[in-house]
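Dropping work.cif in here (mmCIF, C-alpha atoms and all ligand atoms):
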data_target
loop_
_atom_site.label_atom_id
_atom_site.label_comp_id
_atom_site.auth_asym_id
_atom_site.auth_seq_id
_atom_site.Cartn_x
_atom_site.Cartn_y
_atom_site.Cartn_z
CA MET Q 1212 -24.90 -11.47 26.31
CA GLN Q 1213 -27.68 -13.73 24.99
CA TYR Q 1214 -26.97 -15.71 21.81
CA GLU Q 1215 -30.27 -17.56 21.62
CA LEU Q 1216 -32.35 -16.59 18.61
CA ASN Q 1217 -35.54 -14.66 19.33
CA ASP Q 1218 -38.87 -15.45 17.63
CA GLN Q 1219 -38.23 -13.09 14.72
CA GLN Q 1220 -34.78 -14.57 14.09
CA ARG Q 1221 -36.20 -18.08 14.20
CA GLN Q 1222 -38.82 -17.03 11.63
CA VAL Q 1223 -36.06 -15.65 9.37
CA ARG Q 1224 -34.23 -18.96 9.72
CA GLU Q 1225 -37.28 -21.05 8.82
CA LEU Q 1226 -38.17 -18.87 5.82
CA ILE Q 1227 -34.63 -18.82 4.40
CA ARG Q 1228 -34.11 -22.51 5.12
CA ARG Q 1229 -37.17 -23.38 3.06
CA VAL Q 1230 -36.29 -21.00 0.21
CA ALA Q 1231 -32.70 -22.25 0.24
CA ARG Q 1232 -33.80 -25.86 -0.02
CA GLU Q 1233 -36.51 -25.36 -2.63
CA ARG Q 1234 -35.15 -22.59 -4.86
CA VAL Q 1235 -31.45 -22.00 -4.23
CA ALA Q 1236 -29.99 -25.50 -3.79
CA PRO Q 1237 -31.13 -26.71 -7.23
CA ARG Q 1238 -29.15 -23.87 -8.87
CA ALA Q 1239 -25.92 -24.06 -6.84
CA ALA Q 1240 -23.89 -26.48 -8.98
CA ALA Q 1241 -24.75 -24.74 -12.24
CA ILE Q 1242 -23.80 -21.30 -10.89
CA ASP Q 1243 -20.41 -22.66 -9.85
CA ALA Q 1244 -19.82 -24.56 -13.08
CA ALA Q 1245 -20.78 -21.67 -15.38
CA ALA Q 1246 -19.06 -19.01 -13.24
CA GLU Q 1247 -21.80 -16.64 -14.30
CA TYR Q 1248 -23.43 -13.97 -12.16
CA PRO Q 1249 -26.69 -15.52 -10.87
CA GLN Q 1250 -29.16 -12.77 -11.76
CA ASP Q 1251 -32.07 -15.08 -10.93
CA MET Q 1252 -30.77 -15.52 -7.38
CA PHE Q 1253 -30.28 -11.76 -7.04
CA ASP Q 1254 -33.90 -11.27 -8.13
CA LEU Q 1255 -35.04 -13.87 -5.60
CA LEU Q 1256 -33.20 -12.17 -2.71
CA ARG Q 1257 -34.61 -8.85 -3.83
CA GLU Q 1258 -38.14 -10.25 -4.03
CA LEU Q 1259 -37.75 -11.51 -0.45
CA GLY Q 1260 -36.54 -8.08 0.68
CA LEU Q 1261 -33.35 -9.48 2.17
CA PHE Q 1262 -30.83 -6.83 1.15
CA THR Q 1263 -31.91 -4.57 3.94
CA LEU Q 1264 -31.93 -7.17 6.70
CA PRO Q 1265 -29.17 -5.89 9.04
CA PHE Q 1266 -29.99 -2.22 8.61
CA PRO Q 1267 -32.30 0.16 10.48
CA ALA Q 1268 -36.09 0.06 10.09
CA GLU Q 1269 -36.03 3.34 8.12
CA TYR Q 1270 -34.46 1.30 5.28
CA GLY Q 1271 -36.96 -1.52 5.72
CA GLY Q 1272 -34.57 -3.68 7.73
CA SER Q 1273 -34.86 -5.57 10.97
CA GLY Q 1274 -31.87 -3.74 12.42
CA SER Q 1275 -30.41 -7.09 13.40
CA MET Q 1276 -26.96 -8.33 12.41
CA LEU Q 1277 -27.86 -11.62 14.06
CA SER Q 1278 -30.82 -12.04 11.67
CA ALA Q 1279 -28.48 -11.22 8.78
CA CYS Q 1280 -26.02 -13.88 9.97
CA VAL Q 1281 -28.80 -16.46 10.23
CA ALA Q 1282 -29.92 -15.69 6.67
CA VAL Q 1283 -26.38 -15.93 5.30
CA GLU Q 1284 -25.78 -19.17 7.22
CA GLU Q 1285 -28.86 -20.83 5.74
CA LEU Q 1286 -28.08 -19.72 2.18
CA CYS Q 1287 -24.42 -20.67 2.40
CA ARG Q 1288 -25.39 -24.12 3.58
CA VAL Q 1289 -26.56 -24.80 0.03
CA CYS Q 1290 -24.94 -22.11 -2.17
CA TYR Q 1291 -21.94 -19.98 -1.27
CA ASN Q 1292 -22.45 -17.71 -4.28
CA THR Q 1293 -26.04 -16.80 -3.45
CA ALA Q 1294 -25.07 -15.97 0.13
CA TYR Q 1295 -22.24 -13.83 -1.28
CA LEU Q 1296 -24.77 -11.66 -3.14
CA LEU Q 1297 -26.03 -10.39 0.21
CA VAL Q 1298 -22.64 -9.91 1.81
CA VAL Q 1299 -21.13 -8.05 -1.12
CA GLN Q 1300 -23.96 -5.48 -0.92
CA TRP Q 1301 -23.77 -5.12 2.84
CA THR Q 1302 -20.18 -3.93 3.31
CA PRO Q 1303 -20.59 -0.81 1.10
CA PHE Q 1304 -24.05 -0.21 2.59
CA GLY Q 1305 -22.51 -0.35 6.08
CA ALA Q 1306 -19.71 2.03 5.11
CA ILE Q 1307 -22.16 4.64 3.74
CA LEU Q 1308 -24.40 4.21 6.76
CA ALA Q 1309 -21.41 4.77 9.08
CA GLY Q 1310 -19.57 7.55 7.22
CA GLY Q 1311 -22.02 9.01 4.74
CA SER Q 1312 -23.48 12.52 4.84
CA GLU Q 1313 -27.26 12.88 4.94
CA GLY Q 1314 -27.18 13.58 1.19
CA GLN Q 1315 -25.14 10.45 0.43
CA LYS Q 1316 -27.42 8.33 2.57
CA GLN Q 1317 -30.53 9.62 0.84
CA ARG Q 1318 -29.00 9.19 -2.60
CA TYR Q 1319 -27.77 5.61 -2.23
CA LEU Q 1320 -29.15 3.74 0.77
CA PRO Q 1321 -32.79 3.28 -0.26
CA GLY Q 1322 -31.69 1.79 -3.61
CA LEU Q 1323 -29.09 -0.48 -1.99
CA ALA Q 1324 -31.72 -1.58 0.54
CA ASP Q 1325 -34.35 -2.53 -2.04
CA GLY Q 1326 -31.84 -3.96 -4.52
CA SER Q 1327 -32.49 -1.43 -7.27
CA LEU Q 1328 -28.84 -0.33 -6.85
CA ARG Q 1329 -25.80 -2.58 -6.52
CA ALA Q 1330 -22.49 -1.73 -4.88
CA ALA Q 1331 -18.91 -2.92 -4.42
CA ILE Q 1332 -15.96 -1.87 -2.29
CA SER Q 1333 -12.38 -1.73 -3.50
CA THR Q 1334 -9.27 -1.42 -1.38
CA THR Q 1335 -6.97 -4.14 -2.83
CA GLU Q 1336 -4.21 -3.34 -5.32
CA ALA Q 1337 -1.55 -5.55 -6.92
CA GLN Q 1338 1.17 -4.56 -4.44
CA SER Q 1339 -1.02 -4.35 -1.34
CA GLY Q 1340 -3.95 -6.36 -0.07
CA SER Q 1341 -3.58 -6.88 3.66
CA ASP Q 1342 -1.59 -3.68 3.98
CA VAL Q 1343 -4.32 -1.21 3.05
CA ALA Q 1344 -2.02 1.69 3.95
CA GLY Q 1345 0.23 0.60 1.05
CA ILE Q 1346 -2.26 1.50 -1.69
CA LEU Q 1347 -1.02 3.77 -4.48
CA THR Q 1348 -4.33 5.09 -5.85
CA ARG Q 1349 -4.43 8.86 -5.34
CA ALA Q 1350 -7.21 11.42 -5.08
CA VAL Q 1351 -6.24 15.02 -5.70
CA ALA Q 1352 -8.58 17.97 -5.10
CA SER Q 1353 -9.43 19.52 -8.47
CA ASP Q 1354 -12.33 21.04 -10.49
CA GLY Q 1355 -14.64 21.24 -7.47
CA GLY Q 1356 -14.10 17.59 -6.60
CA TYR Q 1357 -11.36 14.97 -6.61
CA ARG Q 1358 -9.41 13.41 -9.50
CA LEU Q 1359 -8.68 9.72 -8.89
CA ASN Q 1360 -5.88 7.78 -10.58
CA GLY Q 1361 -4.86 4.20 -9.93
CA THR Q 1362 -5.48 0.51 -10.59
CA LYS Q 1363 -7.33 -1.91 -8.34
CA ILE Q 1364 -7.70 -5.69 -8.42
CA TRP Q 1365 -10.12 -8.25 -6.97
CA CYS Q 1366 -13.12 -5.94 -6.73
CA THR Q 1367 -16.04 -8.31 -6.22
CA ASN Q 1368 -19.36 -7.27 -7.76
CA ALA Q 1369 -17.76 -4.41 -9.74
CA ALA Q 1370 -18.98 -5.97 -12.99
CA VAL Q 1371 -22.60 -5.34 -12.00
CA ALA Q 1372 -22.24 -2.53 -9.47
CA ASP Q 1373 -23.83 0.90 -9.98
CA ILE Q 1374 -21.41 2.41 -7.46
CA VAL Q 1375 -17.99 1.35 -6.20
CA LEU Q 1376 -16.48 2.66 -2.96
CA VAL Q 1377 -12.86 3.14 -3.98
CA ALA Q 1378 -10.08 3.54 -1.41
CA ALA Q 1379 -7.53 6.21 -2.36
CA LYS Q 1380 -4.98 8.35 -0.56
CA LEU Q 1381 -6.02 11.95 -0.39
CA GLY Q 1382 -3.60 14.64 -1.65
CA ASP Q 1383 0.04 13.90 -0.89
CA GLY Q 1384 -0.78 12.23 2.43
CA GLU Q 1385 0.89 8.96 3.42
CA GLY Q 1386 0.05 6.02 5.66
CA SER Q 1387 -3.36 4.83 6.74
CA ALA Q 1388 -4.47 8.32 7.85
CA ALA Q 1389 -4.47 9.41 4.18
CA VAL Q 1390 -6.76 6.55 3.04
CA ASN Q 1391 -10.34 7.60 2.26
CA LEU Q 1392 -13.28 6.08 0.46
CA PHE Q 1393 -14.72 7.77 -2.63
CA ILE Q 1394 -18.07 6.91 -4.16
CA VAL Q 1395 -17.49 6.32 -7.87
CA GLU Q 1396 -20.59 5.98 -10.04
CA ARG Q 1397 -20.35 3.41 -12.77
CA ASP Q 1398 -20.70 5.65 -15.84
CA THR Q 1399 -18.10 8.20 -14.68
CA GLN Q 1400 -15.64 9.08 -17.42
CA GLY Q 1401 -12.24 7.39 -17.01
CA PHE Q 1402 -13.61 4.58 -14.82
CA GLU Q 1403 -13.31 1.13 -16.32
CA VAL Q 1404 -14.03 -2.35 -14.96
CA GLY Q 1405 -11.70 -5.01 -16.39
CA PRO Q 1406 -12.44 -8.64 -17.24
CA PRO Q 1407 -13.27 -10.92 -14.27
CA GLU Q 1408 -10.68 -13.12 -12.55
CA ASP Q 1409 -10.88 -16.85 -13.31
CA LYS Q 1410 -11.36 -18.14 -9.77
CA MET Q 1411 -11.15 -21.52 -8.02
CA GLY Q 1412 -13.95 -20.61 -5.59
CA ALA Q 1413 -16.64 -17.95 -5.20
CA ARG Q 1414 -17.05 -18.40 -8.92
CA GLY Q 1415 -20.58 -17.04 -9.28
CA VAL Q 1416 -19.83 -13.49 -8.15
CA PRO Q 1417 -17.20 -11.94 -10.40
CA SER Q 1418 -14.14 -10.12 -9.05
CA SER Q 1419 -12.52 -7.66 -11.44
CA PRO Q 1420 -9.72 -5.13 -11.75
CA LEU Q 1421 -10.61 -1.44 -11.86
CA PHE Q 1422 -8.85 1.23 -13.88
CA LEU Q 1423 -9.17 4.85 -12.78
CA ASP Q 1424 -7.83 7.37 -15.26
CA ASP Q 1425 -8.40 10.91 -14.01
CA VAL Q 1426 -11.84 9.98 -12.69
CA LEU Q 1427 -13.61 13.08 -11.39
CA VAL Q 1428 -15.57 12.43 -8.19
CA PRO Q 1429 -17.66 15.41 -7.06
CA GLU Q 1430 -16.92 16.94 -3.68
CA ASP Q 1431 -19.89 15.16 -2.11
CA GLY Q 1432 -18.51 11.80 -3.32
CA LEU Q 1433 -15.97 11.69 -0.49
CA LEU Q 1434 -17.17 9.51 2.37
CA GLY Q 1435 -16.59 10.95 5.84
CA GLY Q 1436 -14.52 9.31 8.54
CA GLY Q 1437 -11.52 8.21 6.45
CA PHE Q 1438 -9.66 4.97 7.15
CA LYS Q 1439 -11.56 4.42 10.39
CA VAL Q 1440 -14.79 4.01 8.43
CA VAL Q 1441 -13.16 1.41 6.16
CA MET Q 1442 -11.93 -0.57 9.17
CA GLU Q 1443 -15.20 -0.21 11.05
CA ALA Q 1444 -17.17 -1.37 8.01
CA PHE Q 1445 -14.97 -4.48 7.89
CA ASN Q 1446 -15.33 -5.05 11.66
CA GLN Q 1447 -19.10 -4.84 11.38
CA SER Q 1448 -19.30 -7.18 8.39
CA ARG Q 1449 -16.94 -9.81 9.83
CA PRO Q 1450 -19.68 -11.67 11.72
CA ILE Q 1451 -21.42 -12.12 8.36
CA ILE Q 1452 -18.25 -13.57 6.82
CA GLY Q 1453 -18.12 -15.89 9.82
CA ALA Q 1454 -21.76 -16.86 9.20
CA ARG Q 1455 -20.78 -17.88 5.68
CA GLY Q 1456 -18.18 -20.20 7.22
CA VAL Q 1457 -20.70 -21.72 9.64
CA GLY Q 1458 -23.24 -22.29 6.86
CA LEU Q 1459 -20.67 -23.74 4.50
CA ALA Q 1460 -19.36 -26.12 7.18
CA GLN Q 1461 -22.89 -27.17 8.13
CA GLY Q 1462 -23.73 -27.84 4.47
CA ALA Q 1463 -20.57 -29.89 3.97
CA MET Q 1464 -21.35 -31.95 7.08
CA ASP Q 1465 -24.97 -32.46 5.93
CA LEU Q 1466 -23.71 -33.86 2.62
CA ALA Q 1467 -21.10 -36.05 4.30
CA ILE Q 1468 -23.68 -37.53 6.70
CA ASP Q 1469 -26.03 -38.36 3.80
CA PHE Q 1470 -23.20 -39.95 1.82
CA ILE Q 1471 -21.70 -42.13 4.56
CA GLY Q 1472 -25.18 -43.29 5.58
CA GLU Q 1473 -25.57 -44.90 2.14
CA ARG Q 1474 -22.03 -45.84 1.14
CA ARG Q 1475 -21.02 -49.36 2.15
CA ALA Q 1476 -17.58 -50.90 2.80
CA PHE Q 1477 -16.55 -54.13 4.53
CA GLY Q 1478 -20.18 -55.17 4.88
CA GLN Q 1479 -21.49 -52.08 6.65
CA THR Q 1480 -22.27 -48.44 5.95
CA VAL Q 1481 -19.27 -46.13 6.26
CA SER Q 1482 -21.15 -44.31 9.04
CA GLN Q 1483 -20.69 -47.40 11.25
CA PHE Q 1484 -16.88 -47.10 11.47
CA GLN Q 1485 -15.76 -45.64 14.79
CA GLY Q 1486 -13.03 -43.48 13.25
CA VAL Q 1487 -15.54 -41.98 10.83
CA ARG Q 1488 -18.08 -41.34 13.60
CA TRP Q 1489 -15.48 -39.37 15.55
CA MET Q 1490 -14.67 -37.30 12.47
CA VAL Q 1491 -18.34 -36.34 12.20
CA ALA Q 1492 -18.54 -35.61 15.94
CA ASP Q 1493 -15.51 -33.31 15.60
CA MET Q 1494 -17.19 -31.53 12.70
CA ALA Q 1495 -20.27 -30.91 14.83
CA ILE Q 1496 -18.21 -29.63 17.79
CA GLN Q 1497 -16.31 -27.16 15.62
CA ILE Q 1498 -19.41 -25.94 13.81
CA GLU Q 1499 -21.33 -25.28 17.02
CA ALA Q 1500 -18.34 -23.46 18.56
CA ALA Q 1501 -17.99 -21.33 15.42
CA ARG Q 1502 -21.73 -20.59 15.38
CA GLN Q 1503 -21.59 -19.34 18.98
CA LEU Q 1504 -18.63 -17.05 18.22
CA VAL Q 1505 -20.45 -15.65 15.19
CA TYR Q 1506 -23.69 -15.10 17.08
CA ARG Q 1507 -21.77 -13.43 19.92
CA ALA Q 1508 -20.03 -11.00 17.53
CA ALA Q 1509 -23.34 -10.29 15.76
CA ALA Q 1510 -25.09 -9.71 19.08
CA MET Q 1511 -22.32 -7.24 20.00
CA VAL Q 1512 -22.94 -5.32 16.75
CA ASP Q 1513 -26.66 -5.30 17.55
CA ALA Q 1514 -25.90 -3.99 21.04
CA GLY Q 1515 -24.00 -1.05 19.49
CA VAL Q 1516 -20.47 -2.23 20.36
CA THR Q 1517 -17.92 -0.71 17.94
CA GLY Q 1518 -14.21 -0.06 17.43
CA LYS Q 1519 -11.60 -1.82 19.52
CA ALA Q 1520 -14.24 -3.46 21.72
CA LEU Q 1521 -15.75 -5.21 18.70
CA ALA Q 1522 -12.60 -5.83 16.65
CA GLY Q 1523 -11.25 -8.83 18.61
CA ALA Q 1524 -14.59 -10.62 18.88
CA ALA Q 1525 -15.36 -10.06 15.19
CA ALA Q 1526 -11.88 -11.29 14.22
CA MET Q 1527 -12.29 -14.46 16.35
CA ALA Q 1528 -15.64 -15.17 14.73
CA LYS Q 1529 -14.31 -14.70 11.19
CA ALA Q 1530 -11.08 -16.65 11.71
CA HIS Q 1531 -12.56 -19.57 13.62
CA ALA Q 1532 -15.64 -19.96 11.41
CA SER Q 1533 -13.66 -19.85 8.16
CA ASP Q 1534 -10.95 -22.20 9.52
CA THR Q 1535 -13.78 -24.52 10.58
CA ALA Q 1536 -15.31 -24.33 7.10
CA MET Q 1537 -11.97 -25.35 5.60
CA ARG Q 1538 -11.35 -28.22 8.04
CA VAL Q 1539 -14.89 -29.58 7.79
CA ALA Q 1540 -14.96 -29.31 3.99
CA GLU Q 1541 -11.61 -31.10 3.77
CA ASP Q 1542 -12.79 -33.94 6.02
CA ALA Q 1543 -16.09 -34.14 4.13
CA VAL Q 1544 -14.21 -34.59 0.83
CA GLN Q 1545 -12.18 -37.34 2.53
CA LEU Q 1546 -15.36 -39.14 3.62
CA PHE Q 1547 -16.65 -39.10 0.04
CA GLY Q 1548 -13.54 -40.98 -1.13
CA ALA Q 1549 -12.98 -40.68 -4.88
CA ALA Q 1550 -16.48 -39.21 -5.23
CA GLY Q 1551 -15.14 -36.22 -3.28
CA ILE Q 1552 -12.84 -35.42 -6.19
CA SER Q 1553 -15.47 -36.00 -8.87
CA ASN Q 1554 -17.32 -33.04 -10.32
CA ASP Q 1555 -20.42 -35.24 -10.39
CA TYR Q 1556 -20.74 -34.63 -6.64
CA PRO Q 1557 -21.22 -31.23 -4.95
CA ILE Q 1558 -18.71 -31.62 -2.10
CA ASN Q 1559 -15.59 -30.33 -3.87
CA ARG Q 1560 -17.39 -27.00 -4.42
CA TYR Q 1561 -17.57 -26.57 -0.64
CA PHE Q 1562 -13.84 -27.28 -0.38
CA ARG Q 1563 -12.98 -24.68 -3.05
CA ASP Q 1564 -15.30 -22.02 -1.64
CA ALA Q 1565 -14.05 -22.58 1.93
CA LYS Q 1566 -10.51 -21.61 0.92
CA VAL Q 1567 -11.74 -18.23 -0.28
CA LEU Q 1568 -13.19 -17.48 3.15
CA GLN Q 1569 -9.81 -17.80 4.87
CA ILE Q 1570 -8.44 -15.10 2.55
CA VAL Q 1571 -11.17 -12.49 2.00
CA GLU Q 1572 -12.13 -9.56 4.25
CA GLY Q 1573 -8.76 -9.72 6.00
CA THR Q 1574 -6.83 -13.00 5.83
CA ASN Q 1575 -6.96 -15.22 8.89
CA GLN Q 1576 -3.38 -14.22 9.73
CA ILE Q 1577 -4.54 -10.61 9.83
CA GLN Q 1578 -7.46 -11.65 12.09
CA ARG Q 1579 -4.93 -13.26 14.45
CA ASN Q 1580 -2.90 -10.03 14.42
CA ILE Q 1581 -6.03 -8.13 15.48
CA ILE Q 1582 -6.67 -10.62 18.31
CA ALA Q 1583 -3.03 -10.61 19.44
CA ASN Q 1584 -2.87 -6.79 19.35
CA ASP Q 1585 -5.91 -6.77 21.58
CA LEU Q 1586 -4.25 -9.12 24.06
CA LEU Q 1587 -0.65 -7.99 23.89
CA GLY Q 1588 -0.69 -4.50 22.44
CA ARG Q 1589 0.79 -3.74 19.04
CA ALA Q 1590 4.12 -5.45 18.24
C1 LIG U 1 -12.60 -14.12 -4.10
C2 LIG U 1 -11.99 -12.85 -3.62
C3 LIG U 1 -12.76 -11.71 -3.54
C4 LIG U 1 -12.19 -10.50 -3.14
N1 LIG U 1 -12.97 -9.38 -3.12
C5 LIG U 1 -12.42 -8.18 -2.79
C6 LIG U 1 -13.18 -6.98 -2.85
O1 LIG U 1 -14.38 -6.99 -3.15
N2 LIG U 1 -12.57 -5.81 -2.56
C7 LIG U 1 -11.26 -5.74 -2.22
O2 LIG U 1 -10.76 -4.64 -1.98
N3 LIG U 1 -10.50 -6.86 -2.16
C8 LIG U 1 -11.03 -8.07 -2.43
N4 LIG U 1 -10.28 -9.22 -2.39
C9 LIG U 1 -8.89 -9.14 -2.03
C10 LIG U 1 -8.62 -9.60 -0.61
O3 LIG U 1 -9.15 -8.68 0.30
C11 LIG U 1 -7.10 -9.75 -0.47
O4 LIG U 1 -6.72 -10.83 -1.29
C12 LIG U 1 -6.68 -10.01 0.96
O5 LIG U 1 -6.86 -8.87 1.74
C13 LIG U 1 -5.21 -10.44 1.03
O6 LIG U 1 -4.40 -9.59 0.30
P1 LIG U 1 -3.34 -10.19 -0.75
O7 LIG U 1 -4.01 -11.17 -1.59
O8 LIG U 1 -2.65 -9.03 -1.40
O9 LIG U 1 -2.30 -10.96 0.16
P2 LIG U 1 -1.06 -10.33 0.93
O10 LIG U 1 -1.50 -9.19 1.75
O11 LIG U 1 0.06 -10.10 -0.03
O12 LIG U 1 -0.68 -11.53 1.88
C14 LIG U 1 0.04 -12.69 1.42
C15 LIG U 1 0.17 -13.63 2.62
O13 LIG U 1 0.91 -12.95 3.66
C16 LIG U 1 0.14 -12.94 4.86
N5 LIG U 1 0.39 -11.69 5.57
C17 LIG U 1 0.34 -10.42 5.07
N6 LIG U 1 0.57 -9.54 6.04
C18 LIG U 1 0.75 -10.24 7.19
C19 LIG U 1 1.02 -9.90 8.54
N7 LIG U 1 1.13 -8.62 8.94
N8 LIG U 1 1.16 -10.90 9.45
C20 LIG U 1 1.04 -12.21 9.08
N9 LIG U 1 0.79 -12.60 7.80
C21 LIG U 1 0.64 -11.62 6.88
C22 LIG U 1 -1.31 -13.03 4.40
O14 LIG U 1 -2.17 -13.48 5.45
C23 LIG U 1 -1.19 -14.00 3.24
O15 LIG U 1 -1.15 -15.32 3.73
C24 LIG U 1 -10.81 -10.45 -2.77
C25 LIG U 1 -10.05 -11.61 -2.82
C26 LIG U 1 -10.61 -12.81 -3.24
C27 LIG U 1 -9.75 -14.03 -3.29
#
Can you present the structure in this file as structure tokens?
Amino acid sequence: MQYELNDQQRQVRELIRRVARERVAPRAAAIDAAAEYPQDMFDLLRELGLFTLPFPAEYGGSGSMLSACVAVEELCRVCYNTAYLLVVQWTPFGAILAGGSEGQKQRYLPGLADGSLRAAISTTEAQSGSDVAGILTRAVASDGGYRLNGTKIWCTNAAVADIVLVAAKLGDGEGSAAVNLFIVERDTQGFEVGPPEDKMGARGVPSSPLFLDDVLVPEDGLLGGGFKVVMEAFNQSRPIIGARGVGLAQGAMDLAIDFIGERRAFGQTVSQFQGVRWMVADMAIQIEAARQLVYRAAAMVDAGVTGKALAGAAAMAKAHASDTAMRVAEDAVQLFGAAGISNDYPINRYFRDAKVLQIVEGTNQIQRNIIANDLLGRA
């Protein structure tokens, strides 16, 4: 498997790197401080045609998950929240692409690809996050469709989404086999999006509870493939979550290098101390290792690898890249000294956002379960 970028991927990297530096970086601190949805950044990504990047050419994409990872990496290097705008659109897009009927694809995918529609995906409930099979939301066949009842939490993008893919158990089924995704359109009667969570990190893209009170989803609002589609959508999007970790870590290291090159102590710049130099070398080692794992998982997606064969590699990429983001961000804060704690400097934002990455899209313990199951069989 080849993880080197091809010419097209290098062009994507150069374009996004320039846009990130010139147009995204100057907005990053304000987005975090205000905790407001960055509509201007959404418009920018839309203008650049980036929402479609990993998807097939028929939706205007490059059909390359590796290109998508490179784009996310470059954006996350300067602004976690702007990178999140892409990722939060891609998981529901991927789920509809994988499990949708021709009608569902035609109805939603062109709009999600060009950014005229926004989406979210909701599995998590108060009593069950990691354990998706423990959800209580129910869908019962009725009135030529399905009636959904339940309460969700932590649904990112719901506040602005035109459609939400809601996980619910069908009929009186139990366990993961009963879990299905239903496409709920925003203005459906009985569907309500609650006030956003007040978050430590990922503050620019709101996460909200959902209330479903006898919400009628038409028959063609049920996504095919059941729980497998949910899991496969997460497997496929994990390299992108890993790319966020790589970009975040790279951005934190960039800032640390700039800072210690200027800051002086004991008559020399901090970058001259041997212990500090080794910390930076360790950052670079971890970032490059994480990048290679992410590119490998993305290349596997691009080569059509799915299911069990992809799950372990995607889990390694997500876990290692997000653990790297956390470690590097923590060390970068340390190298800033007291300035690392001050809100006058950007580095504590990287630290707060990194923590989110270890928890979302399957916690890193769950990623290790996936890897261990692959190696040892299920416990
Ligand atoms: C910023 C943010 C955005 C989010 N966006 C979305 C979204 O858009 N849609 C959505 O559906 N959800 C979303 N979530 C929810 C997220 O997916 C869950 O928080 C995550 O899956 C963990 O679930 P939990 O919080 O209920 O923790 P729990 O599942 O209760 O886990 C608690 C702890 O126990 C550990 N644990 C649980 N089970 C095991 C196990 N089998 N082995 C070892 N350790 C275990 C976990 O790793 C964790 O450390 C978001 C969360 C955050 C923070």
How far is it from CA of Thr1293 (chain Q) to CA of Ser1533 (chain Q), in Å with one decimal? 17.2 Å
Find the residues of chain Q that sit at most 7 Å from ligand LIG 1 (chain U); for each, write down the nearest two atoms and how far apart they are in Å, to one decimal. Count all atoms listed in the file. Sort by chain, then by number going up, and give it as a Markdown table.
| residue | atom | partner | partner_atom | distance |
| --- | --- | --- | --- | --- |
| Q:Ala1331 | CA | U:LIG1 | O1 | 6.2 |
| Q:Ile1332 | CA | U:LIG1 | N2 | 5.2 |
| Q:Ser1333 | CA | U:LIG1 | O2 | 3.7 |
| Q:Thr1334 | CA | U:LIG1 | O2 | 3.6 |
| Q:Thr1335 | CA | U:LIG1 | O2 | 3.9 |
| Q:Ala1337 | CA | U:LIG1 | O8 | 6.6 |
| Q:Gln1338 | CA | U:LIG1 | O8 | 6.6 |
| Q:Ser1339 | CA | U:LIG1 | O8 | 5.0 |
| Q:Gly1340 | CA | U:LIG1 | O8 | 3.3 |
| Q:Ser1341 | CA | U:LIG1 | O10 | 3.6 |
| Q:Asp1342 | CA | U:LIG1 | O10 | 5.9 |
| Q:Ile1364 | CA | U:LIG1 | N3 | 7.0 |
| Q:Trp1365 | CA | U:LIG1 | C8 | 4.6 |
| Q:Cys1366 | CA | U:LIG1 | O1 | 3.9 |
| Q:Thr1367 | CA | U:LIG1 | O1 | 3.7 |
| Q:Asn1368 | CA | U:LIG1 | O1 | 6.8 |
| Q:Gly1412 | CA | U:LIG1 | C1 | 6.8 |
| Q:Ala1413 | CA | U:LIG1 | C1 | 5.7 |
| Q:Ser1418 | CA | U:LIG1 | C3 | 5.9 |
| Q:Val1567 | CA | U:LIG1 | C27 | 5.5 |
| Q:Ile1570 | CA | U:LIG1 | C12 | 5.6 |
| Q:Val1571 | CA | U:LIG1 | O3 | 4.6 |
| Q:Glu1572 | CA | U:LIG1 | O3 | 5.0 |
| Q:Gly1573 | CA | U:LIG1 | O5 | 4.7 |
| Q:Thr1574 | CA | U:LIG1 | O14 | 4.7 |
| Q:Asn1575 | CA | U:LIG1 | O14 | 6.1 |
| Q:Gln1576 | CA | U:LIG1 | O14 | 4.5 |
| Q:Ile1577 | CA | U:LIG1 | N8 | 5.7 |
| Q:Asn1580 | CA | U:LIG1 | N8 | 6.5 |
Skip region 1344-1354 of chain Q itself and residues of its chain fewer than 5 positions away, then list as a ChimeraX atom specification all residues within 12 Å of it, counting only C-alpha atoms. /Q:1333-1339,1359-1364,1377-1395,1421-1430,1432-1433,1437-1439,1441-1442
Among listed residues Q:Gly1405, Q:Pro1420, Q:Pro1237, Q:Gly1305, nearest Phe1266 (chain Q) (using all atoms listed in the file):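 The shortest atom-to-atom distance to Phe1266 (chain Q) comes from Q:Gly1305.
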What is the distance, in Å and to one decimal place, between CA of Gly1523 (chain Q) and CA of Arg1449 (chain Q)?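 Between CA of Gly1523 (chain Q) and CA of Arg1449 (chain Q) the gap is 10.5 Å.
Of note, CA of Ala1246 (chain Q) and CA of Gly1551 (chain Q) are spaced 20.3 Å apart.
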Please return as number ranges by chain every residue within 8 Å of (-18.3, 0.1, 9.7), taking into account only C-alpha atoms and the file's own coordinates. Q: 1302, 1305-1306, 1308-1310, 1440-1448
Of the listed residues Q:Ala1510, Q:Ala1463, Q:Ile1468, Q:Ala1524, that which approaches Ile1558 (chain Q) most closely, counting only C-alpha atoms: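 Smallest separation from Ile1558 (chain Q) among the options: Q:Ala1463.
For the residues Q:Asp1534, Q:Glu1285, Q:Glu1473, Q:Glu1313, ranking by smallest atom-to-atom distance to Gln1461 (chain Q) using only C-alpha atoms places Q:Glu1285 first.
The nearest approach to Glu1225 (chain Q) among the residues Q:Glu1396, Q:Glu1284, Q:Asp1493, Q:Asp1555, with only C-alpha atoms taken into account, belongs to Q:Glu1284.
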Nearest to Gln1503 (chain Q), chosen from Q:Val1404, Q:Ile1451, Q:Ala1528, Q:Ala1536, with all atoms listed in the file counted in the distances: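 Smallest distance to Gln1503 (chain Q) is found for Q:Ala1528.
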